[in-house]
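Novice: File name final_13.txt; file contents compact mmCIF, C-alpha atoms; full text below.
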# COMPACT_ATOMS: atom_id res chain seq x y z
CA MET E 4 0.00 0.00 0.00
CA ASN E 5 1.33 3.43 -0.92
CA THR E 6 0.99 6.51 1.25
CA PRO E 7 0.95 10.09 -0.05
CA PHE E 8 4.41 10.59 1.48
CA ASP E 9 6.10 7.81 -0.51
CA ASP E 10 8.44 9.19 -3.18
CA LYS E 11 8.57 6.09 -5.32
CA PRO E 12 6.29 3.07 -5.26
CA ARG E 13 7.99 0.04 -3.74
CA ARG E 14 9.16 -2.59 -6.11
CA PRO E 15 7.49 -5.95 -5.52
CA GLY E 16 9.67 -8.74 -4.18
CA LEU E 17 10.37 -12.08 -5.78
CA LEU E 18 7.42 -13.80 -4.07
CA ALA E 19 4.99 -11.06 -5.15
CA SER E 20 6.30 -11.25 -8.70
CA LEU E 21 5.91 -15.05 -8.74
CA ARG E 22 2.40 -14.70 -7.31
CA ALA E 23 1.47 -12.16 -9.99
CA SER E 24 2.87 -14.40 -12.72
CA PHE E 25 1.03 -17.40 -11.27
CA LEU E 26 -2.30 -15.52 -11.19
CA THR E 27 -1.76 -14.25 -14.73
CA GLY E 28 -0.98 -17.80 -15.77
CA LEU E 29 -4.21 -19.02 -14.16
CA VAL E 30 -6.24 -16.38 -16.02
CA VAL E 31 -4.69 -17.63 -19.27
CA ILE E 32 -4.80 -21.35 -18.50
CA ALA E 33 -8.19 -21.68 -16.74
CA PRO E 34 -10.44 -20.89 -19.75
CA ILE E 35 -8.29 -22.97 -22.08
CA GLY E 36 -7.95 -25.82 -19.59
CA LEU E 37 -11.63 -25.94 -18.69
CA THR E 38 -12.64 -25.80 -22.37
CA ILE E 39 -10.27 -28.66 -23.16
CA TRP E 40 -11.51 -30.53 -20.09
CA LEU E 41 -15.17 -30.23 -21.17
CA ILE E 42 -14.35 -31.39 -24.68
CA TRP E 43 -12.10 -34.13 -23.28
CA THR E 44 -14.94 -35.29 -21.02
CA MET E 45 -17.28 -35.53 -24.00
CA PHE E 46 -14.61 -37.53 -25.86
CA GLY E 47 -14.26 -39.75 -22.77
CA TRP E 48 -17.99 -40.41 -22.81
CA VAL E 49 -17.73 -41.57 -26.41
CA ASP E 50 -14.58 -43.56 -25.57
CA GLY E 51 -16.55 -45.41 -22.91
CA PHE E 52 -18.61 -46.94 -25.69
CA VAL E 53 -15.80 -47.40 -28.25
CA LEU E 54 -12.78 -48.56 -26.19
CA PRO E 55 -14.28 -51.90 -25.14
CA LEU E 56 -14.32 -52.78 -28.82
CA ILE E 57 -10.55 -52.10 -29.24
CA PRO E 58 -8.00 -54.84 -28.34
CA ASP E 59 -5.89 -54.36 -25.15
CA GLN E 60 -2.59 -54.25 -27.06
CA PHE E 61 -3.52 -50.82 -28.45
CA ASN E 62 -4.24 -49.37 -24.98
CA PRO E 63 -1.68 -46.54 -24.33
CA GLU E 64 -1.47 -47.26 -20.58
CA ALA E 65 0.03 -50.66 -21.33
CA TYR E 66 3.08 -48.98 -22.93
CA ILE E 67 3.78 -46.37 -20.22
CA GLY E 68 3.48 -48.58 -17.14
CA ILE E 69 4.58 -45.89 -14.62
CA ASN E 70 2.30 -43.78 -12.45
CA LEU E 71 4.17 -41.05 -10.51
CA ARG E 72 1.71 -39.18 -8.31
CA GLY E 73 2.59 -35.66 -7.17
CA LEU E 74 5.00 -35.00 -10.00
CA GLY E 75 2.13 -33.59 -12.06
CA VAL E 76 1.41 -30.98 -9.39
CA ILE E 77 5.00 -29.74 -9.53
CA PHE E 78 4.90 -29.57 -13.33
CA PHE E 79 1.55 -27.75 -13.19
CA LEU E 80 2.89 -25.08 -10.83
CA VAL E 81 6.06 -24.50 -12.88
CA PHE E 82 4.12 -24.51 -16.16
CA THR E 83 1.50 -22.06 -14.83
CA ILE E 84 4.16 -19.61 -13.63
CA LEU E 85 5.99 -19.85 -16.98
CA VAL E 86 2.76 -19.29 -18.94
CA GLY E 87 1.93 -16.28 -16.77
CA TRP E 88 5.41 -14.86 -17.25
CA VAL E 89 5.26 -15.29 -21.04
CA ALA E 90 1.65 -14.00 -21.21
CA LYS E 91 2.65 -10.75 -19.55
CA GLY E 92 5.14 -10.02 -22.33
CA LEU E 93 4.49 -8.57 -25.79
CA ILE E 94 4.88 -11.86 -27.64
CA GLY E 95 2.62 -13.68 -25.18
CA ARG E 96 -0.12 -11.06 -25.47
CA SER E 97 -0.01 -11.21 -29.26
CA LEU E 98 -0.12 -15.03 -29.21
CA ILE E 99 -3.10 -14.97 -26.86
CA ARG E 100 -4.87 -12.41 -29.06
CA PHE E 101 -4.23 -14.61 -32.13
CA ALA E 102 -5.47 -17.76 -30.35
CA GLU E 103 -8.59 -15.97 -29.11
CA THR E 104 -9.47 -14.85 -32.64
CA LEU E 105 -9.23 -18.49 -33.73
CA VAL E 106 -11.45 -19.56 -30.83
CA GLU E 107 -14.01 -16.84 -31.69
CA ARG E 108 -14.44 -18.47 -35.12
CA THR E 109 -15.23 -21.92 -33.70
CA PRO E 110 -18.97 -22.20 -32.91
CA VAL E 111 -19.22 -24.54 -29.88
CA VAL E 112 -15.78 -23.80 -28.42
CA ARG E 113 -16.44 -20.03 -28.64
CA THR E 114 -19.41 -20.26 -26.27
CA ILE E 115 -17.64 -22.45 -23.72
CA TYR E 116 -14.37 -20.46 -23.82
CA SER E 117 -15.93 -17.00 -23.50
CA GLY E 118 -18.02 -17.99 -20.48
CA ILE E 119 -15.10 -19.65 -18.70
CA LYS E 120 -12.81 -16.71 -19.56
CA GLN E 121 -15.20 -14.18 -18.00
CA ILE E 122 -15.42 -16.24 -14.82
CA ALA E 123 -11.62 -16.65 -14.65
CA GLU E 124 -11.00 -12.93 -15.19
CA THR E 125 -13.49 -12.05 -12.47
CA VAL E 126 -12.09 -14.52 -9.96
CA PHE E 127 -8.33 -14.37 -10.64
CA ALA E 128 -7.62 -10.94 -12.14
CA GLN E 129 -8.06 -8.91 -8.98
CA SER E 130 -5.44 -6.20 -9.11
CA GLU E 131 -3.72 -4.89 -6.01
CA ARG E 132 -5.21 -1.46 -6.65
CA SER E 133 -8.80 -2.66 -6.24
CA PHE E 134 -10.88 -0.90 -3.60
CA GLU E 135 -8.34 1.91 -3.10
CA LYS E 136 -10.72 4.67 -4.20
CA ALA E 137 -14.07 5.46 -2.62
CA CYS E 138 -17.07 6.94 -4.36
CA LEU E 139 -20.71 7.85 -3.72
CA VAL E 140 -23.47 5.81 -5.33
CA GLN E 141 -27.20 6.41 -5.25
CA TYR E 142 -28.26 3.23 -3.47
CA PRO E 143 -30.71 1.69 -2.59
CA ARG E 144 -32.79 4.36 -4.39
CA LYS E 145 -32.44 7.77 -5.96
CA GLY E 146 -31.65 10.52 -3.48
CA ILE E 147 -30.00 8.22 -0.92
CA TRP E 148 -26.23 8.07 -1.19
CA ALA E 149 -24.04 5.17 -0.07
CA ILE E 150 -20.26 4.86 0.01
CA GLY E 151 -18.85 2.41 -2.54
CA PHE E 152 -15.38 1.28 -3.48
CA ILE E 153 -14.20 1.31 -7.10
CA SER E 154 -12.92 -2.14 -7.99
CA THR E 155 -12.22 -2.23 -11.75
CA GLN E 156 -13.19 -0.82 -15.10
CA ALA E 157 -16.32 -2.51 -16.43
CA LYS E 158 -15.56 -5.04 -19.15
CA GLY E 159 -17.01 -7.95 -21.03
CA GLU E 160 -20.73 -8.28 -21.59
CA VAL E 161 -21.61 -5.54 -19.10
CA LEU E 162 -19.59 -2.99 -21.06
CA ASP E 163 -20.89 -4.24 -24.43
CA ARG E 164 -24.57 -4.15 -23.51
CA ALA E 165 -24.72 -1.05 -21.29
CA GLU E 166 -26.37 1.93 -22.93
CA THR E 167 -24.44 4.81 -21.40
CA MET E 168 -22.62 7.84 -22.74
CA GLY E 169 -19.46 7.49 -20.63
CA GLY E 170 -17.21 4.83 -19.19
CA LEU E 171 -18.42 2.35 -16.60
CA MET E 172 -16.75 1.29 -13.36
CA SER E 173 -17.38 -1.75 -11.19
CA VAL E 174 -18.24 -0.56 -7.69
CA PHE E 175 -18.51 -2.62 -4.51
CA VAL E 176 -21.12 -1.31 -2.09
CA PRO E 177 -20.75 -2.97 1.31
CA THR E 178 -24.07 -3.70 2.95
CA THR E 179 -25.09 -5.53 6.09
CA PRO E 180 -26.45 -9.04 5.61
CA ASN E 181 -29.83 -8.22 4.17
CA PRO E 182 -31.95 -10.42 1.89
CA THR E 183 -33.06 -7.43 -0.21
CA SER E 184 -29.48 -6.36 -1.04
CA GLY E 185 -28.28 -9.83 -2.03
CA SER E 186 -25.68 -10.03 0.75
Would you mind writing the file's structure down as structure tokens?
Specialist:
Amino acid sequence: MNTPFDDKPRRPGLLASLRASFLTGLVVIAPIGLTIWLIWTMFGWVDGFVLPLIPDQFNPEAYIGINLRGLGVIFFLVFTILVGWVAKGLIGRSLIRFAETLVERTPVVRTIYSGIKQIAETVFAQSERSFEKACLVQYPRKGIWAIGFISTQAKGEVLDRAETMGGLMSVFVPTTPNPTSGS
């Protein structure tokens, strides 16, 4: 957190940088991974009917023969950090943009990917600067003002479908547990 008296913002340490790269990697990997997982599950459902008809000698598990548990978790963590690190760079951003244009042209995958991507961005892409600025919002009705905290710029479907003249911000309005406010 920065104070008004700080001359320069502090540079994040190694752990903060790894955490940021890991979260960026999750935002990139989660929509892709979940899309692949859903498609893979559908393929597995079909395989459940087809594989019993195939002879055992063509089963891939018979050739590998080794099952090392826990090693996959280590590879996943390293891979996610590397993907996040690459995705934050210019080449990574351009590759992601190119891949997303390809996904947008694929009918079924487009729907699955865009929904999962919006969820991942909402959950994982929380910046450290969220909730630093306060604002006033007319809530719960016109003429009554409540304090809110600006979280992010509005994006995605909210930004596309909103009929406003200016920019939109996402604002968190803390309320007491109340069934009418959704808390």
Novice: Rounded to one decimal in Å, what is the spacing between atom CA of E:Lys145 and atom CA of E:Asp163?
Specialist: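 Between these atoms lies a distance of 24.9 Å.
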Novice: One number please: atom CA of E:Phe82 to atom CA of E:Leu29, in Å, one decimal.
Specialist: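 A separation of 10.2 Å between them.
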Novice: Which residue gives the smallest distance to E:Ser117 among E:Ala19, E:Phe25, E:Leu171, E:Gly159, with all atoms listed in the file counted?
Specialist: E:Gly159
Novice: Find the spatial neighbours of stretch 120-122 of chain E, counting only C-alpha atoms, within a cut-off of 9 Å - ignore same-chain residues fewer than 6 positions away - and output them as a list of chain:residue names.
Specialist: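 Close residues of stretch 120-122 of chain E: E:Val30, E:Val31, E:Ala33, E:Pro34, E:Ile35, E:Gly159, E:Glu160.
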Novice: Quick one: residues within 10 Å of E:Ala90, all atoms listed in the file, excluding same-chain residues fewer than 5 positions away - as a PyMOL selection string?
Specialist: chain E and resi 24+27-28+30-31+84-85+95-99
Novice: How many Å separate atom CA of E:Met172 from atom CA of E:Leu139?
Specialist: 12.3 Å
Novice: Give me the residues near E:Leu41 as a list in words, where near means some atom within 12 Å (using only C-alpha atoms) and where sequence neighbours in that chain fewer than 3 positions away do not count.
Specialist: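 Everything that qualifies: Ala33, Pro34, Ile35, Gly36, Leu37, Thr38, Thr44, Met45, Phe46, Gly47, Trp48, Val111, Val112, Thr114, Ile115, Tyr116 and Ile119 of chain E.
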Novice: Go through E:Leu18, E:Ile32, E:Val176, E:Ile150 and flag the residue nearest E:Phe127, using only C-alpha atoms for the distances.
Specialist: E:Ile32
Novice: Considering all atoms listed in the file, can you say which of E:Val174, E:Leu26, E:Ala165, E:Ala149 comes closest to E:Gly87?
Specialist: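 Counting all atoms listed in the file, the residue closest to E:Gly87 is E:Leu26.
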Novice: Have a look at E:Gly92, E:Pro143, E:Pro110, E:Gly118 and name the one nearest to E:Thr178; count all atoms listed in the file.
Specialist: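 Answer, going by the shortest atom-to-atom distance: E:Pro143.
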